[in-house]
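upload.csv follows (CSV, C-alpha atoms):
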chain,number,residue,atom,x,y,z
A,193,SER,CA,231.5,40.8,2.9
A,194,THR,CA,234.0,43.5,2.1
A,195,THR,CA,234.4,45.3,-1.2
A,196,ILE,CA,237.8,46.7,-2.2
A,197,TYR,CA,238.1,48.9,-5.3
A,198,ASP,CA,241.5,49.6,-6.8
A,199,ARG,CA,241.3,52.9,-8.6
A,200,SER,CA,244.6,52.4,-10.5
A,201,THR,CA,243.5,49.1,-12.1
A,202,GLY,CA,239.7,49.3,-11.9
A,203,VAL,CA,239.5,45.9,-10.2
A,204,THR,CA,236.9,45.3,-7.5
A,205,THR,CA,237.6,42.5,-5.0
A,206,TYR,CA,234.8,40.9,-2.9
A,207,GLN,CA,235.9,39.0,0.2
A,208,PRO,CA,233.5,37.2,2.7
A,209,ARG,CA,234.2,38.4,6.2
A,210,ASN,CA,232.1,38.2,9.4
A,211,ILE,CA,231.3,41.2,11.5
A,212,ASN,CA,229.3,41.6,14.7
A,213,GLY,CA,227.9,44.4,16.8
A,214,ASN,CA,224.7,45.2,14.8
A,215,TRP,CA,221.6,45.7,17.0
A,216,ASN,CA,218.6,47.9,17.3
A,217,ALA,CA,215.9,49.0,19.8
A,218,SER,CA,212.6,50.8,19.4
A,219,THR,CA,209.6,51.9,21.3
A,220,ARG,CA,206.2,53.2,20.2
A,221,PHE,CA,203.4,55.0,21.9
A,222,LYS,CA,199.8,55.3,20.5
A,223,PHE,CA,197.0,57.5,21.6
A,224,GLU,CA,193.4,57.5,20.2
A,225,ARG,CA,190.1,59.0,21.4
A,226,THR,CA,187.0,61.0,20.3
A,227,VAL,CA,186.6,64.5,21.7
A,228,ASP,CA,182.9,65.2,21.1
A,229,LYS,CA,179.7,63.7,22.4
A,230,LYS,CA,178.6,62.5,19.0
A,231,ASP,CA,181.9,60.8,18.3
A,232,ARG,CA,182.4,62.7,15.1
A,233,LEU,CA,185.9,63.9,15.7
A,234,LEU,CA,188.6,61.3,16.3
A,235,ILE,CA,192.2,62.1,17.3
A,236,LYS,CA,195.0,59.6,16.6
A,237,GLN,CA,198.7,60.2,17.6
A,238,THR,CA,201.7,57.9,17.3
A,239,VAL,CA,205.2,58.6,18.7
A,240,GLY,CA,208.1,56.3,18.1
A,241,LEU,CA,211.8,56.2,18.9
A,242,THR,CA,214.3,53.9,17.1
A,243,TYR,CA,218.0,53.4,17.6
A,244,ASN,CA,220.1,51.4,15.2
A,245,HIS,CA,223.7,50.5,16.1
A,246,ASN,CA,225.1,49.7,12.6
A,247,VAL,CA,228.5,48.1,12.0
A,248,ASP,CA,230.0,47.4,8.6
A,249,TYR,CA,233.2,47.5,6.6
A,250,ILE,CA,234.3,50.4,4.4
A,251,THR,CA,237.4,50.8,2.3
A,252,GLU,CA,240.0,53.5,3.1
A,253,THR,CA,243.4,54.0,1.5
A,254,VAL,CA,246.2,53.6,4.1
A,255,ASN,CA,249.8,54.1,2.9
A,256,GLN,CA,248.4,53.9,-0.7
A,257,ILE,CA,246.9,50.5,0.0
A,258,ALA,CA,243.1,50.0,0.0
A,259,THR,CA,242.2,48.5,3.4
A,260,PRO,CA,238.8,47.5,4.8
A,261,ILE,CA,238.2,49.1,8.2
A,262,ARG,CA,235.4,48.7,10.7
A,263,SER,CA,232.8,51.4,10.6
A,264,VAL,CA,230.3,52.1,13.4
A,265,VAL,CA,227.4,54.4,12.8
A,266,HIS,CA,224.8,55.5,15.4
A,267,ASN,CA,221.3,56.0,13.9
A,268,TYR,CA,218.5,57.8,15.8
A,269,GLN,CA,215.0,58.2,14.4
A,270,VAL,CA,212.1,60.0,16.1
A,271,GLU,CA,208.7,59.5,14.4
A,272,GLU,CA,205.6,61.6,15.0
A,273,GLN,CA,202.2,61.0,13.4
A,274,LEU,CA,199.0,63.1,14.1
A,275,ARG,CA,195.6,62.6,12.6
A,276,PHE,CA,192.2,64.4,13.0
A,277,ASP,CA,189.4,62.3,11.5
A,278,TYR,CA,185.9,64.0,11.2
A,279,LYS,CA,182.7,62.2,10.1
A,280,TYR,CA,179.5,64.1,9.2
A,281,LYS,CA,176.7,62.0,7.7
A,282,LYS,CA,178.2,60.4,4.6
A,283,TYR,CA,181.3,62.6,4.5
A,284,ASN,CA,184.7,61.9,5.9
A,285,VAL,CA,187.6,64.4,6.2
A,286,SER,CA,191.0,63.6,7.7
A,287,LEU,CA,193.8,66.0,8.4
A,288,ARG,CA,197.2,64.4,8.7
A,289,PHE,CA,200.7,65.4,9.8
A,290,GLY,CA,203.8,63.3,10.0
A,291,ALA,CA,207.5,64.0,10.8
A,292,ASP,CA,210.5,61.7,10.8
A,293,TRP,CA,213.7,63.1,12.4
A,294,LYS,CA,216.9,61.3,11.4
A,295,MET,CA,220.2,61.7,13.2
A,296,GLN,CA,223.3,59.8,12.2
A,297,ASN,CA,226.8,60.2,13.6
A,298,SER,CA,230.1,58.3,13.8
A,299,ASP,CA,233.6,58.6,15.1
A,300,ARG,CA,234.9,57.7,11.7
A,301,GLN,CA,237.0,60.3,9.9
A,302,ASN,CA,235.4,62.1,6.9
A,303,PHE,CA,231.9,61.0,8.1
A,304,SER,CA,229.2,63.5,7.1
A,305,ARG,CA,226.8,63.7,10.0
A,306,VAL,CA,223.0,63.7,9.2
A,307,ASN,CA,220.4,65.8,11.1
A,308,ALA,CA,217.4,65.9,8.8
A,309,VAL,CA,213.6,65.6,8.9
A,310,ASP,CA,211.0,64.3,6.5
A,311,LEU,CA,207.7,66.1,6.7
A,312,ARG,CA,204.2,65.1,5.5
A,313,TYR,CA,201.1,67.3,5.5
A,314,GLY,CA,197.9,66.1,4.0
A,315,VAL,CA,194.1,66.0,3.8
A,316,VAL,CA,192.0,63.0,2.8
A,317,SER,CA,188.3,63.2,2.1
A,318,ASN,CA,185.5,61.1,0.6
A,319,GLY,CA,181.7,61.3,0.2
A,320,PRO,CA,178.9,61.9,-2.3
A,321,ILE,CA,178.7,64.9,-4.7
A,322,ALA,CA,175.6,65.0,-6.9
A,323,TRP,CA,173.8,62.9,-9.5
A,324,GLY,CA,175.0,59.7,-7.7
A,325,LEU,CA,178.7,60.7,-8.0
A,326,GLU,CA,181.0,59.9,-5.2
A,327,TYR,CA,184.6,61.3,-4.7
A,328,ASP,CA,187.7,60.0,-2.9
A,329,THR,CA,190.6,62.5,-2.9
A,330,SER,CA,193.9,63.1,-1.1
A,331,LEU,CA,196.3,66.0,-1.2
A,332,ASN,CA,199.7,65.6,0.4
A,333,LEU,CA,202.8,67.7,0.6
A,334,PHE,CA,206.1,65.8,1.1
A,335,SER,CA,209.0,67.9,2.3
A,336,ARG,CA,212.6,67.1,3.2
A,337,ARG,CA,214.9,69.4,5.1
A,338,GLY,CA,218.4,69.3,6.7
A,339,TYR,CA,220.2,66.9,4.3
A,340,ASN,CA,223.8,67.6,3.3
A,341,GLU,CA,222.9,67.0,-0.3
A,342,SER,CA,221.0,70.0,-1.5
A,343,SER,CA,219.1,68.0,-4.1
A,344,MET,CA,217.4,66.0,-1.3
A,345,ASN,CA,215.9,69.1,0.3
A,346,ASP,CA,212.8,69.2,-1.9
A,347,ASP,CA,209.0,69.5,-1.9
A,348,HIS,CA,206.4,67.4,-3.7
A,349,LEU,CA,202.7,68.2,-3.7
A,350,VAL,CA,200.8,65.1,-4.7
A,351,TRP,CA,197.0,65.2,-5.5
A,352,ASN,CA,195.0,62.0,-6.3
A,353,LEU,CA,191.3,61.9,-7.2
A,354,ASN,CA,188.8,59.2,-7.8
A,355,LEU,CA,185.2,59.8,-9.1
A,356,SER,CA,182.7,56.9,-9.2
A,357,ARG,CA,179.1,56.3,-10.0
A,358,ALA,CA,176.9,53.2,-9.6
A,359,PHE,CA,174.3,52.3,-12.3
A,360,LEU,CA,171.3,49.9,-12.5
A,361,LYS,CA,168.8,49.3,-9.7
A,362,SER,CA,171.1,46.9,-8.0
A,363,LYS,CA,174.1,49.3,-8.4
A,364,ALA,CA,176.0,46.3,-9.8
A,365,LEU,CA,177.6,48.4,-12.5
A,366,VAL,CA,180.2,50.9,-11.3
A,367,LEU,CA,182.2,53.4,-13.4
A,368,ARG,CA,185.3,54.9,-11.7
A,369,LEU,CA,187.7,57.5,-13.0
A,370,GLU,CA,191.1,57.4,-11.2
A,371,ALA,CA,193.6,60.3,-11.6
A,372,HIS,CA,197.0,59.9,-10.0
A,373,ASP,CA,199.5,62.7,-9.4
A,374,ILE,CA,197.3,65.4,-11.1
A,375,LEU,CA,199.9,68.1,-10.5
A,376,GLY,CA,202.8,66.1,-11.9
A,377,GLN,CA,205.2,66.6,-9.0
A,378,LEU,CA,205.8,63.0,-8.0
A,379,SER,CA,209.4,62.0,-8.8
A,380,ASN,CA,210.3,58.6,-10.1
A,381,VAL,CA,213.7,58.8,-8.3
A,382,TYR,CA,213.7,57.5,-4.7
A,383,THR,CA,216.6,58.5,-2.5
A,384,VAL,CA,217.4,56.9,0.8
A,385,ILE,CA,220.3,57.6,3.3
A,386,ASN,CA,220.9,54.6,5.4
A,387,ALA,CA,223.6,53.9,8.0
A,388,GLN,CA,226.5,53.5,5.6
A,389,GLY,CA,225.7,55.6,2.6
A,390,ARG,CA,223.2,56.9,0.1
A,391,THR,CA,221.1,54.9,-2.4
A,392,ASP,CA,219.3,56.4,-5.4
A,393,THR,CA,216.7,54.2,-7.1
A,394,TRP,CA,215.2,55.1,-10.5
A,395,TYR,CA,211.8,53.6,-11.3
A,396,ASN,CA,210.7,53.1,-14.9
A,397,SER,CA,207.1,54.1,-14.3
A,398,MET,CA,204.4,56.7,-15.0
A,399,PRO,CA,203.7,58.6,-11.8
A,400,ARG,CA,201.1,60.7,-13.5
A,401,TYR,CA,198.2,58.9,-15.2
A,402,ALA,CA,194.4,58.6,-15.5
A,403,LEU,CA,192.5,55.3,-15.6
A,404,LEU,CA,188.9,54.5,-16.2
A,405,HIS,CA,187.5,51.4,-14.5
A,406,VAL,CA,184.3,49.5,-15.4
A,407,CYS,CA,183.2,47.1,-12.7
A,408,TYR,CA,180.3,44.8,-12.6
A,409,LYS,CA,179.3,42.8,-9.5
A,410,PHE,CA,177.9,39.3,-10.0
A,411,ASN,CA,175.7,37.8,-7.3
A,412,SER,CA,175.6,34.0,-7.7
A,413,MET,CA,173.7,33.3,-4.5
A,414,THR,CA,170.0,32.3,-5.1
A,415,LYS,CA,167.3,32.5,-2.6
A,416,LYS,CA,166.2,29.3,-1.0
A,417,LYS,CA,162.6,28.3,-1.4
A,418,SER,CA,160.8,27.7,1.8
A,419,GLU,CA,159.8,24.1,2.3
A,420,PRO,CA,156.1,23.4,3.2
A,421,LYS,CA,155.5,22.8,6.9
A,422,ALA,CA,154.5,19.4,8.0
A,423,ASN,CA,151.0,19.0,9.4
Could you express the structure from this file as structure tokens?
Amino acid sequence: STTIYDRSTGVTTYQPRNINGNWNASTRFKFERTVDKKDRLLIKQTVGLTYNHNVDYITETVNQIATPIRSVVHNYQVEEQLRFDYKYKKYNVSLRFGADWKMQNSDRQNFSRVNAVDLRYGVVSNGPIAWGLEYDTSLNLFSRRGYNESSMNDDHLVWNLNLSRAFLKSKALVLRLEAHDILGQLSNVYTVINAQGRTDTWYNSMPRYALLHVCYKFNSMTKKKSEPKAN
């Protein structure tokens, strides 16, 4: 459908209208292997390429009349993900890197071309500490660069941590302390630039919080008594 907004009267007109020409294509390559004899170090890599040919209607003022015109935007996205997973006894450590390059262009007048990249650096680890405590933590840096809007070129360092301990001989009782966004840098505003414009979404949430979990595992299965063997 088309949307026409008249600035002089403030009236918005919606009109159903068909359009064709939208299509996309993508390809992805994955690589995974261990590099040591004990299979402790695992390397994972993913490379992807996506093209989106996006067609839509936009409203432009021609001779002081708001007129819907056909808009064609070419979207290219190159994705790179790289992981190094290391296991030693009960400990696991994972180093992660990701990058999404986004390129958008169009022959349309007054189109602001996009050539930006979203970066992710992180480390994830879990294992035992002491006195029966176990940890599960992640530290990630999210960075955006190259956007025309300066407010979108930002950095957010996000640290999450879980501590847990099992009690009783059967370890059925588990206490777990969950802390999310300890550094308080996670934003509740999510901004996306798609083929035809920019969308800002505000979430009414608490990105930074701590929560204590008390878990008890019930086992309803009973052991079967062995029947006497026939003579």
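CA of Asn302 in chain A sits 12.4 Å away from CA of Thr251 in chain A.
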Task: Distance query range 358-360 of chain A at most 8 Å, all atoms listed in the file, self and fewer than 4 positions along chain excluded, as a VMD selection string - done: chain A and resid 324 to 325 364 to 367
TODO: Would you mind listing what lies within 7 Å of range 248-250 of chain A as a PyMOL selection string, with only C-alpha atoms counted and same-chain residues fewer than 6 positions away left out?
DONE: chain A and resi 194+211+260-264
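Using all atoms listed in the file for every distance, the candidate list A:Val247, A:Leu287, A:Trp323, A:Ser218 yields A:Ser218 as the residue closest to Gln269 in chain A.
Distances from A:Tyr268, A:Phe334, A:Phe303, A:Tyr313 to Ser286 in chain A were compared using all atoms listed in the file, and the smallest one belongs to A:Tyr313.
When CA of Ile321 in chain A is paired with CA of Leu333 in chain A, their separation reads 24.8 Å.
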